[in-house]
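Asker: Contents are JSON, C-alpha atoms and all ligand atoms; file name upload_21.json:
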[["chain", "number", "residue", "atom", "x", "y", "z"],
["J", 1, "MET", "CA", -41.62, 16.31, 15.28],
["J", 2, "GLY", "CA", -44.34, 18.95, 15.56],
["J", 3, "ASP", "CA", -45.86, 20.97, 12.75],
["J", 4, "VAL", "CA", -43.97, 19.59, 9.79],
["J", 5, "ARG", "CA", -44.85, 19.21, 6.13],
["J", 6, "ILE", "CA", -44.03, 15.72, 4.89],
["J", 7, "ASP", "CA", -44.78, 14.28, 1.42],
["J", 8, "LEU", "CA", -43.92, 10.59, 1.17],
["J", 9, "HIS", "CA", -44.43, 9.74, -2.51],
["J", 10, "ALA", "CA", -42.62, 11.36, -5.46],
["J", 11, "HIS", "CA", -41.06, 10.20, -8.73],
["J", 12, "THR", "CA", -38.01, 11.46, -10.62],
["J", 13, "THR", "CA", -36.26, 10.81, -13.93],
["J", 14, "ALA", "CA", -34.99, 7.57, -12.35],
["J", 15, "SER", "CA", -38.43, 6.25, -13.36],
["J", 16, "ASP", "CA", -41.34, 8.15, -14.87],
["J", 17, "GLY", "CA", -41.05, 11.58, -13.23],
["J", 18, "THR", "CA", -39.80, 14.56, -15.21],
["J", 19, "THR", "CA", -37.58, 16.19, -12.56],
["J", 20, "SER", "CA", -34.12, 14.92, -11.62],
["J", 21, "PRO", "CA", -33.59, 13.87, -7.99],
["J", 22, "THR", "CA", -31.79, 17.19, -7.37],
["J", 23, "GLU", "CA", -34.66, 19.14, -8.91],
["J", 24, "LEU", "CA", -37.20, 17.15, -6.87],
["J", 25, "VAL", "CA", -35.44, 18.26, -3.68],
["J", 26, "SER", "CA", -35.35, 21.90, -4.76],
["J", 27, "GLN", "CA", -39.00, 21.82, -5.75],
["J", 28, "ALA", "CA", -39.81, 20.22, -2.38],
["J", 29, "HIS", "CA", -37.95, 23.09, -0.71],
["J", 30, "ASP", "CA", -39.85, 25.66, -2.80],
["J", 31, "ALA", "CA", -43.15, 23.95, -1.93],
["J", 32, "GLY", "CA", -42.37, 24.47, 1.76],
["J", 33, "LEU", "CA", -41.86, 20.78, 2.53],
["J", 34, "ASP", "CA", -39.69, 19.75, 5.46],
["J", 35, "VAL", "CA", -39.40, 16.17, 4.24],
["J", 36, "VAL", "CA", -39.89, 14.51, 0.86],
["J", 37, "ALA", "CA", -39.60, 10.84, -0.10],
["J", 38, "ILE", "CA", -38.06, 9.69, -3.37],
["J", 39, "THR", "CA", -40.13, 6.69, -4.48],
["J", 40, "ASP", "CA", -39.30, 5.76, -8.05],
["J", 41, "HIS", "CA", -40.84, 2.66, -9.59],
["J", 42, "ASP", "CA", -38.77, -0.48, -8.88],
["J", 43, "THR", "CA", -35.42, 1.30, -8.39],
["J", 44, "ALA", "CA", -33.26, 3.10, -5.85],
["J", 45, "VAL", "CA", -30.94, 4.50, -8.52],
["J", 46, "GLY", "CA", -31.94, 8.10, -7.72],
["J", 47, "TRP", "CA", -31.12, 7.88, -4.00],
["J", 48, "ASP", "CA", -27.51, 9.10, -3.97],
["J", 49, "GLU", "CA", -28.18, 12.23, -5.99],
["J", 50, "ALA", "CA", -31.24, 12.97, -3.84],
["J", 51, "VAL", "CA", -29.26, 12.53, -0.60],
["J", 52, "ASP", "CA", -26.57, 14.97, -1.79],
["J", 53, "ALA", "CA", -29.20, 17.51, -2.80],
["J", 54, "ALA", "CA", -31.13, 17.09, 0.47],
["J", 55, "ARG", "CA", -28.00, 17.70, 2.57],
["J", 56, "LEU", "CA", -27.08, 20.78, 0.51],
["J", 57, "GLN", "CA", -30.56, 22.28, 0.56],
["J", 58, "GLY", "CA", -31.56, 21.36, 4.12],
["J", 59, "VAL", "CA", -34.57, 19.28, 3.12],
["J", 60, "GLY", "CA", -35.36, 16.02, 4.91],
["J", 61, "LEU", "CA", -35.26, 12.96, 2.68],
["J", 62, "VAL", "CA", -36.82, 9.53, 3.00],
["J", 63, "ARG", "CA", -35.24, 6.94, 0.73],
["J", 64, "GLY", "CA", -37.94, 4.76, -0.75],
["J", 65, "MET", "CA", -39.34, 3.11, -3.82],
["J", 66, "GLU", "CA", -42.71, 2.10, -5.31],
["J", 67, "MET", "CA", -42.72, -1.59, -6.17],
["J", 68, "SER", "CA", -44.86, -2.92, -9.00],
["J", 69, "THR", "CA", -46.78, -5.95, -7.73],
["J", 70, "ARG", "CA", -49.75, -8.09, -8.68],
["J", 71, "TYR", "CA", -52.40, -9.56, -6.40],
["J", 72, "HIS", "CA", -54.40, -12.28, -8.15],
["J", 73, "GLY", "CA", -54.36, -10.42, -11.45],
["J", 74, "MET", "CA", -54.81, -6.96, -9.92],
["J", 75, "SER", "CA", -52.08, -4.33, -10.31],
["J", 76, "VAL", "CA", -50.99, -3.17, -6.83],
["J", 77, "HIS", "CA", -48.33, -0.56, -6.06],
["J", 78, "LEU", "CA", -46.38, -1.05, -2.85],
["J", 79, "LEU", "CA", -44.32, 1.75, -1.33],
["J", 80, "ALA", "CA", -41.18, 0.62, 0.47],
["J", 81, "TYR", "CA", -39.43, 3.00, 2.82],
["J", 82, "LEU", "CA", -35.93, 2.95, 4.31],
["J", 83, "HIS", "CA", -34.99, -0.55, 3.15],
["J", 84, "ASP", "CA", -31.48, -1.87, 2.46],
["J", 85, "ARG", "CA", -31.23, -1.38, -1.29],
["J", 86, "ASP", "CA", -28.41, -3.95, -1.48],
["J", 87, "ASN", "CA", -30.46, -6.79, -0.03],
["J", 88, "PRO", "CA", -29.73, -9.62, -2.52],
["J", 89, "ALA", "CA", -33.24, -11.08, -2.69],
["J", 90, "LEU", "CA", -34.80, -7.68, -3.28],
["J", 91, "VAL", "CA", -32.10, -6.70, -5.80],
["J", 92, "ALA", "CA", -32.75, -9.88, -7.80],
["J", 93, "GLU", "CA", -36.51, -9.51, -7.78],
["J", 94, "LEU", "CA", -36.38, -5.85, -8.83],
["J", 95, "ALA", "CA", -34.01, -6.70, -11.68],
["J", 96, "ARG", "CA", -36.51, -9.29, -12.87],
["J", 97, "THR", "CA", -39.38, -6.79, -12.72],
["J", 98, "ARG", "CA", -37.40, -4.16, -14.64],
["J", 99, "GLU", "CA", -36.66, -6.69, -17.39],
["J", 100, "GLN", "CA", -40.35, -7.57, -17.53],
["J", 101, "ARG", "CA", -41.21, -3.89, -17.77],
["J", 102, "ALA", "CA", -38.79, -3.27, -20.63],
["J", 103, "ALA", "CA", -40.04, -6.31, -22.56],
["J", 104, "ARG", "CA", -43.60, -5.19, -22.02],
["J", 105, "VAL", "CA", -42.89, -1.64, -23.22],
["J", 106, "ARG", "CA", -41.25, -3.15, -26.30],
["J", 107, "ALA", "CA", -44.32, -5.30, -26.98],
["J", 108, "MET", "CA", -46.61, -2.26, -26.68],
["J", 109, "VAL", "CA", -44.37, -0.27, -29.03],
["J", 110, "ASP", "CA", -44.49, -3.11, -31.57],
["J", 111, "LYS", "CA", -48.29, -3.02, -31.48],
["J", 112, "LEU", "CA", -48.48, 0.77, -31.68],
["J", 113, "ALA", "CA", -45.93, 0.86, -34.51],
["J", 114, "ARG", "CA", -48.40, -0.98, -36.77],
["J", 115, "ASP", "CA", -50.72, 2.03, -36.65],
["J", 116, "TYR", "CA", -48.52, 4.98, -35.70],
["J", 117, "PRO", "CA", -45.07, 6.28, -36.66],
["J", 118, "LEU", "CA", -43.37, 5.23, -33.42],
["J", 119, "THR", "CA", -40.12, 3.34, -32.82],
["J", 120, "TRP", "CA", -38.39, 1.77, -29.82],
["J", 121, "ASP", "CA", -35.63, 4.40, -30.12],
["J", 122, "ASP", "CA", -38.24, 7.18, -29.86],
["J", 123, "VAL", "CA", -39.40, 5.70, -26.54],
["J", 124, "VAL", "CA", -35.92, 5.12, -25.13],
["J", 125, "ALA", "CA", -35.08, 8.73, -26.04],
["J", 126, "GLN", "CA", -37.78, 9.84, -23.56],
["J", 127, "ALA", "CA", -36.13, 8.01, -20.65],
["J", 128, "ASP", "CA", -33.20, 9.34, -18.66],
["J", 129, "GLY", "CA", -30.21, 7.29, -19.80],
["J", 130, "ALA", "CA", -29.79, 3.56, -19.40],
["J", 131, "THR", "CA", -30.78, 3.41, -15.73],
["J", 132, "ALA", "CA", -34.29, 4.86, -15.89],
["J", 133, "VAL", "CA", -37.06, 2.31, -15.28],
["J", 134, "LEU", "CA", -39.17, 2.20, -18.44],
["J", 135, "GLY", "CA", -42.93, 2.41, -18.34],
["J", 136, "ARG", "CA", -45.99, 3.48, -20.26],
["J", 137, "PRO", "CA", -45.28, 7.16, -19.47],
["J", 138, "HIS", "CA", -42.22, 6.99, -21.75],
["J", 139, "ILE", "CA", -44.36, 5.61, -24.58],
["J", 140, "ALA", "CA", -46.83, 8.41, -23.87],
["J", 141, "ASP", "CA", -44.06, 11.01, -24.01],
["J", 142, "ALA", "CA", -42.82, 9.62, -27.34],
["J", 143, "LEU", "CA", -46.38, 9.86, -28.70],
["J", 144, "VAL", "CA", -46.44, 13.51, -27.56],
["J", 145, "ALA", "CA", -43.03, 14.18, -29.17],
["J", 146, "ALA", "CA", -44.33, 12.70, -32.44],
["J", 147, "GLY", "CA", -47.37, 15.00, -32.31],
["J", 148, "ILE", "CA", -49.79, 12.08, -32.06],
["J", 149, "VAL", "CA", -51.34, 13.22, -28.75],
["J", 150, "PRO", "CA", -51.20, 16.63, -27.02],
["J", 151, "ASP", "CA", -49.94, 15.45, -23.63],
["J", 152, "ARG", "CA", -49.11, 12.43, -21.48],
["J", 153, "SER", "CA", -52.53, 12.26, -19.86],
["J", 154, "ALA", "CA", -54.22, 12.19, -23.28],
["J", 155, "ALA", "CA", -52.11, 9.15, -24.19],
["J", 156, "PHE", "CA", -53.27, 7.44, -20.97],
["J", 157, "GLU", "CA", -56.91, 8.03, -21.96],
["J", 158, "HIS", "CA", -56.67, 5.66, -24.92],
["J", 159, "LEU", "CA", -53.42, 4.68, -26.62],
["J", 160, "VAL", "CA", -51.56, 3.41, -23.53],
["J", 161, "SER", "CA", -54.63, 2.81, -21.35],
["J", 162, "THR", "CA", -55.06, -0.57, -19.63],
["J", 163, "SER", "CA", -58.37, -0.91, -21.49],
["J", 164, "GLY", "CA", -56.95, 0.23, -24.84],
["J", 165, "PRO", "CA", -56.06, -2.00, -27.81],
["J", 166, "TYR", "CA", -52.29, -1.61, -27.39],
["J", 167, "TYR", "CA", -52.04, -2.57, -23.72],
["J", 168, "VAL", "CA", -49.78, -5.47, -22.79],
["J", 169, "ARG", "CA", -49.68, -6.96, -19.30],
["J", 170, "TYR", "CA", -46.53, -7.93, -17.48],
["J", 171, "HIS", "CA", -45.77, -10.05, -14.45],
["J", 172, "PRO", "CA", -44.33, -8.23, -11.48],
["J", 173, "THR", "CA", -43.90, -9.66, -7.98],
["J", 174, "PRO", "CA", -46.95, -11.13, -6.21],
["J", 175, "THR", "CA", -47.96, -8.56, -3.57],
["J", 176, "ASP", "CA", -47.65, -10.92, -0.59],
["J", 177, "GLN", "CA", -44.13, -11.86, -1.66],
["J", 178, "ALA", "CA", -43.26, -8.16, -2.14],
["J", 179, "VAL", "CA", -44.38, -7.28, 1.40],
["J", 180, "ALA", "CA", -42.22, -10.09, 2.77],
["J", 181, "LEU", "CA", -39.22, -9.09, 0.61],
["J", 182, "VAL", "CA", -39.41, -5.46, 1.73],
["J", 183, "ARG", "CA", -39.64, -6.47, 5.41],
["J", 184, "ALA", "CA", -36.73, -8.92, 5.01],
["J", 185, "ALA", "CA", -34.71, -6.03, 3.52],
["J", 186, "GLY", "CA", -35.45, -3.95, 6.62],
["J", 187, "GLY", "CA", -37.95, -1.75, 4.83],
["J", 188, "VAL", "CA", -41.40, -0.45, 5.73],
["J", 189, "PRO", "CA", -44.12, -1.58, 3.28],
["J", 190, "VAL", "CA", -47.07, 0.76, 2.72],
["J", 191, "LEU", "CA", -49.80, 0.25, 0.11],
["J", 192, "ALA", "CA", -49.74, 3.06, -2.46],
["J", 193, "HIS", "CA", -53.16, 4.56, -3.38],
["J", 194, "PRO", "CA", -55.05, 1.35, -2.40],
["J", 195, "GLY", "CA", -58.43, 3.01, -2.95],
["J", 196, "ALA", "CA", -57.79, 4.40, -6.44],
["J", 197, "GLU", "CA", -60.83, 3.06, -8.26],
["J", 198, "SER", "CA", -59.96, 5.07, -11.38],
["J", 199, "ARG", "CA", -56.89, 2.87, -11.87],
["J", 200, "GLY", "CA", -58.90, -0.35, -12.01],
["J", 201, "GLN", "CA", -59.89, -2.99, -9.49],
["J", 202, "ILE", "CA", -58.90, -2.27, -5.89],
["J", 203, "LEU", "CA", -57.90, -4.62, -3.09],
["J", 204, "PRO", "CA", -60.86, -5.75, -0.95],
["J", 205, "ASP", "CA", -60.63, -5.65, 2.87],
["J", 206, "ASP", "CA", -59.78, -9.33, 3.22],
["J", 207, "ALA", "CA", -56.84, -9.01, 0.82],
["J", 208, "ILE", "CA", -55.45, -6.09, 2.85],
["J", 209, "ALA", "CA", -55.92, -8.19, 6.01],
["J", 210, "THR", "CA", -53.82, -10.96, 4.44],
["J", 211, "LEU", "CA", -51.04, -8.47, 3.70],
["J", 212, "VAL", "CA", -51.21, -7.13, 7.27],
["J", 213, "ASP", "CA", -50.52, -10.66, 8.53],
["J", 214, "ILE", "CA", -47.42, -10.79, 6.31],
["J", 215, "GLY", "CA", -46.08, -7.46, 7.59],
["J", 216, "LEU", "CA", -47.81, -4.57, 5.84],
["J", 217, "ALA", "CA", -47.08, -1.41, 7.87],
["J", 218, "GLY", "CA", -49.51, 1.12, 6.47],
["J", 219, "VAL", "CA", -51.84, 2.51, 3.84],
["J", 220, "GLU", "CA", -51.53, 5.70, 1.80],
["J", 221, "ALA", "CA", -55.05, 6.90, 2.55],
["J", 222, "HIS", "CA", -54.68, 10.54, 1.56],
["J", 223, "HIS", "CA", -54.09, 10.57, -2.20],
["J", 224, "ARG", "CA", -55.77, 12.54, -4.98],
["J", 225, "ASP", "CA", -57.07, 9.39, -6.67],
["J", 226, "HIS", "CA", -59.19, 8.54, -3.59],
["J", 227, "SER", "CA", -62.85, 9.48, -3.17],
["J", 228, "PRO", "CA", -63.92, 10.67, 0.31],
["J", 229, "VAL", "CA", -65.57, 7.24, 0.74],
["J", 230, "GLN", "CA", -62.26, 5.46, 0.08],
["J", 231, "VAL", "CA", -60.33, 7.78, 2.42],
["J", 232, "ALA", "CA", -62.83, 7.03, 5.20],
["J", 233, "ARG", "CA", -62.68, 3.29, 4.50],
["J", 234, "LEU", "CA", -58.86, 3.20, 4.61],
["J", 235, "VAL", "CA", -58.63, 5.32, 7.76],
["J", 236, "ALA", "CA", -61.13, 2.97, 9.44],
["J", 237, "LEU", "CA", -59.23, -0.15, 8.33],
["J", 238, "ALA", "CA", -55.99, 1.39, 9.59],
["J", 239, "SER", "CA", -57.42, 2.07, 13.00],
["J", 240, "ARG", "CA", -58.92, -1.45, 13.19],
["J", 241, "TRP", "CA", -55.66, -3.17, 12.22],
["J", 242, "ASP", "CA", -53.22, -0.71, 13.74],
["J", 243, "LEU", "CA", -51.76, 0.42, 10.43],
["J", 244, "LEU", "CA", -49.94, 3.68, 9.74],
["J", 245, "VAL", "CA", -51.88, 6.23, 7.66],
["J", 246, "THR", "CA", -49.88, 8.26, 5.15],
["J", 247, "GLY", "CA", -50.74, 11.01, 2.71],
["J", 248, "ALA", "CA", -48.74, 12.07, -0.31],
["J", 249, "SER", "CA", -48.81, 13.73, -3.70],
["J", 250, "ASP", "CA", -47.45, 11.00, -6.02],
["J", 251, "PHE", "CA", -45.62, 13.82, -7.81],
["J", 252, "HIS", "CA", -44.41, 13.07, -11.37],
["J", 253, "GLY", "CA", -43.10, 16.55, -12.31],
["J", 254, "THR", "CA", -44.86, 17.88, -15.40],
["J", 255, "GLY", "CA", -46.01, 14.34, -16.28],
["J", 256, "LYS", "CA", -49.08, 14.55, -14.05],
["J", 257, "PRO", "CA", -51.13, 17.34, -12.46],
["J", 258, "ASN", "CA", -50.19, 16.15, -8.91],
["J", 259, "ARG", "CA", -48.41, 18.92, -6.96],
["J", 260, "LEU", "CA", -45.87, 18.41, -4.16],
["J", 261, "GLY", "CA", -47.42, 18.80, -0.71],
["J", 262, "GLU", "CA", -51.03, 18.43, -1.88],
["J", 263, "ASN", "CA", -51.40, 15.59, 0.64],
["J", 264, "LEU", "CA", -49.24, 15.18, 3.73],
["J", 265, "THR", "CA", -48.14, 12.67, 6.35],
["J", 266, "THR", "CA", -47.87, 13.57, 10.04],
["J", 267, "GLY", "CA", -44.59, 13.72, 11.94],
["J", 268, "ASP", "CA", -45.73, 10.92, 14.27],
["J", 269, "VAL", "CA", -46.23, 8.59, 11.34],
["J", 270, "LEU", "CA", -42.82, 9.45, 9.91],
["J", 271, "ASP", "CA", -41.29, 8.76, 13.33],
["J", 272, "ALA", "CA", -42.94, 5.32, 13.33],
["J", 273, "ILE", "CA", -41.66, 4.59, 9.81],
["J", 274, "ALA", "CA", -38.16, 5.72, 10.79],
["J", 275, "ALA", "CA", -38.25, 3.45, 13.84],
["J", 276, "GLN", "CA", -39.08, 0.42, 11.65],
["J", 277, "GLY", "CA", -36.64, 1.00, 8.76],
["J", 278, "VAL", "CA", -32.94, 0.09, 8.58],
["J", 279, "THR", "CA", -31.92, 3.16, 6.55],
["J", 280, "CYS", "CA", -31.95, 6.52, 8.31],
["J", 281, "VAL", "CA", -33.97, 9.56, 7.27],
["J", 282, "VAL", "CA", -31.68, 12.31, 5.98],
["J", 283, "MET", "CA", -32.37, 15.36, 8.16],
["J", 301, "LIG", "P1", -46.73, 1.49, -15.98],
["J", 301, "LIG", "O1", -46.08, 1.50, -14.63],
["J", 301, "LIG", "O2", -45.74, 1.33, -17.07],
["J", 301, "LIG", "O3", -47.87, 0.52, -16.10],
["J", 301, "LIG", "O4", -47.36, 2.92, -16.20],
["J", 301, "LIG", "C1", -48.28, 3.43, -15.25],
["J", 301, "LIG", "C2", -47.66, 4.58, -14.49],
["J", 301, "LIG", "O5", -47.83, 5.75, -15.26],
["J", 301, "LIG", "C3", -48.27, 4.87, -13.12],
["J", 301, "LIG", "O6", -47.26, 4.81, -12.14],
["J", 301, "LIG", "C4", -48.72, 6.30, -13.22],
["J", 301, "LIG", "O7", -48.46, 7.00, -12.05],
["J", 301, "LIG", "C5", -47.84, 6.82, -14.34],
["J", 301, "LIG", "N1", -48.24, 8.06, -14.99],
["J", 301, "LIG", "C6", -47.40, 9.07, -15.21],
["J", 301, "LIG", "N2", -48.01, 10.09, -15.81],
["J", 301, "LIG", "C7", -49.31, 9.72, -15.97],
["J", 301, "LIG", "C8", -50.45, 10.38, -16.52],
["J", 301, "LIG", "N3", -50.38, 11.61, -17.02],
["J", 301, "LIG", "N4", -51.62, 9.70, -16.50],
["J", 301, "LIG", "C9", -51.69, 8.45, -15.99],
["J", 301, "LIG", "N5", -50.64, 7.80, -15.46],
["J", 301, "LIG", "C10", -49.45, 8.43, -15.45],
["J", 302, "FE", "FE", -45.55, 6.49, -11.94],
["J", 303, "FE", "FE", -48.45, 4.16, -8.10],
["J", 304, "ZN", "ZN", -46.27, 6.66, -7.70]]
Once more with this new file: its structure as structure tokens, please.
Ligand code: AMP
Ligand code: FE
Ligand code: FE
Ligand code: ZN
Answerer:
Amino acid sequence: MGDVRIDLHAHTTASDGTTSPTELVSQAHDAGLDVVAITDHDTAVGWDEAVDAARLQGVGLVRGMEMSTRYHGMSVHLLAYLHDRDNPALVAELARTREQRAARVRAMVDKLARDYPLTWDDVVAQADGATAVLGRPHIADALVAAGIVPDRSAAFEHLVSTSGPYYVRYHPTPTDQAVALVRAAGGVPVLAHPGAESRGQILPDDAIATLVDIGLAGVEAHHRDHSPVQVARLVALASRWDLLVTGASDFHGTGKPNRLGENLTTGDVLDAIAAQGVTCVVM
């Protein structure tokens, strides 16, 4: 692949994005992308619709997901590309995480409801049907709908912030176990925004080294939440440990300012991912 435009991280209404999988593909087309990845949080439920849309619209599609994990108390997002979504161990672990997520959203709503006119039904109404993976963005959207905050990002500044009074933790998969699960399912594990200091504590070099030993394939170095210092650090680590370097938007539709194609991955890196994954890239 030569001069191609590839964005390997985008969310849809299957989790906390605001565009359907079909709409994601058309917006990728309009943004001049050759390839887009669908990477909803902890689910592959959007894949089939995205594949149909990609074939119809002539856009390349990478089937993926962004797994919620925890490394010694730190929240870590792990992108998984081209895995077998029916792998029983992965299916079971993701089901557990989604239950944890829903219970945690419910606990946050209970806390918020003491001070604000907000109900569980208001939050569920913001998610796309029964299959969407619930998260804080849906609470944020319900707060917007109730006129309590102007937009989703404002809710993340305080009311649903990790440092705010209504935050509740949950217990997703330990990161080392997640890397192993993704590999065992024939997928390609890549750390999502590992240098995003604005999101909280970040993984130190030795932690990334541990994950490399378990099978980590790459790092998403080019991401809007990274300072130039973090980009340089991650590119250097990747070259030292022979990791793939990706870049992506982390598009969430109108839920976040991130725009499709604002960071890109090279064709060589996509070729390497395709060579390691068990699911093909739709071209
Ligand atoms: P949760 O996964 O439930 O802890 O919620 C955090 C998620 O909210 C992350 O994946 C963020 O990408 C996502 N998110 C969506 N929209 C926003 C926003 N406007 N500001 C901050 N985070 C957001
Ligand atoms: Fe998200
Ligand atoms: Fe993320
Ligand atoms: Zn993401």
Asker: Using only C-alpha atoms, which residue out of J:Met283, J:Ala103, J:Ala217, J:Ala155 lies closest to Leu143 in chain J?
Answerer: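 So, comparing all the options, the nearest one is J:Ala155.
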Asker: For range 34-44 of chain J, work out the shell of residues within 7 Å, counting all atoms listed in the file and skipping chain neighbours fewer than 4 positions away, then give it as a list in words.
Answerer: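 The neighbour list is Val4, Arg5, Ile6, Asp7, Leu8, His9, Ala10, His11, Thr12, Ala14, Ser15, Ala28, Val59, Gly60, Leu61, Val62, Arg63, Gly64, Met65, Glu66, Met67, Ser68, Arg85, Leu94, Arg98 and Val133 of chain J.
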Asker: The selected residues should be written to file as a compact mmCIF listing (two decimals), keeping the file's coordinate frame (atoms: C-alpha atoms).
Answerer:
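Now in part_35.txt:
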# COMPACT_ATOMS: atom_id res chain seq x y z
CA VAL J 4 -43.97 19.59 9.79
CA ARG J 5 -44.85 19.21 6.13
CA ILE J 6 -44.03 15.72 4.89
CA ASP J 7 -44.78 14.28 1.42
CA LEU J 8 -43.92 10.59 1.17
CA HIS J 9 -44.43 9.74 -2.51
CA ALA J 10 -42.62 11.36 -5.46
CA HIS J 11 -41.06 10.20 -8.73
CA THR J 12 -38.01 11.46 -10.62
CA ALA J 14 -34.99 7.57 -12.35
CA SER J 15 -38.43 6.25 -13.36
CA ALA J 28 -39.81 20.22 -2.38
CA VAL J 59 -34.57 19.28 3.12
CA GLY J 60 -35.36 16.02 4.91
CA LEU J 61 -35.26 12.96 2.68
CA VAL J 62 -36.82 9.53 3.00
CA ARG J 63 -35.24 6.94 0.73
CA GLY J 64 -37.94 4.76 -0.75
CA MET J 65 -39.34 3.11 -3.82
CA GLU J 66 -42.71 2.10 -5.31
CA MET J 67 -42.72 -1.59 -6.17
CA SER J 68 -44.86 -2.92 -9.00
CA ARG J 85 -31.23 -1.38 -1.29
CA LEU J 94 -36.38 -5.85 -8.83
CA ARG J 98 -37.40 -4.16 -14.64
CA VAL J 133 -37.06 2.31 -15.28
Asker: Give me, please, the distance in Å between CA of Gln100 in chain J and CA of Trp47 in chain J, quoted to one decimal.
Answerer: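 These atoms are spaced 22.5 Å apart.
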Asker: Could you tell me, counting all atoms listed in the file, which protein and nucleic acid residues lie no more than 7 Å from ligand FE 303 (chain J), written as a PyMOL selection string?
Answerer: chain J and resi 66+77+192-193
Asker: Select, from J:Ala89, J:Ala154, J:Leu33, J:Leu237, the residue with the minimum atom-to-atom distance to Lys256 in chain J, counting all atoms listed in the file.
Answerer: J:Ala154
Asker: Using all atoms listed in the file, which protein or nucleic acid residues come within 12 Å of range 122-132 of chain J? Drop anything in the same chain fewer than 2 positions from it, and give the result as a ChimeraX atom specification.
Answerer: /J:11-21,40-46,95,98-99,101-102,105-106,108-110,112-113,117-120,134-146,152,255
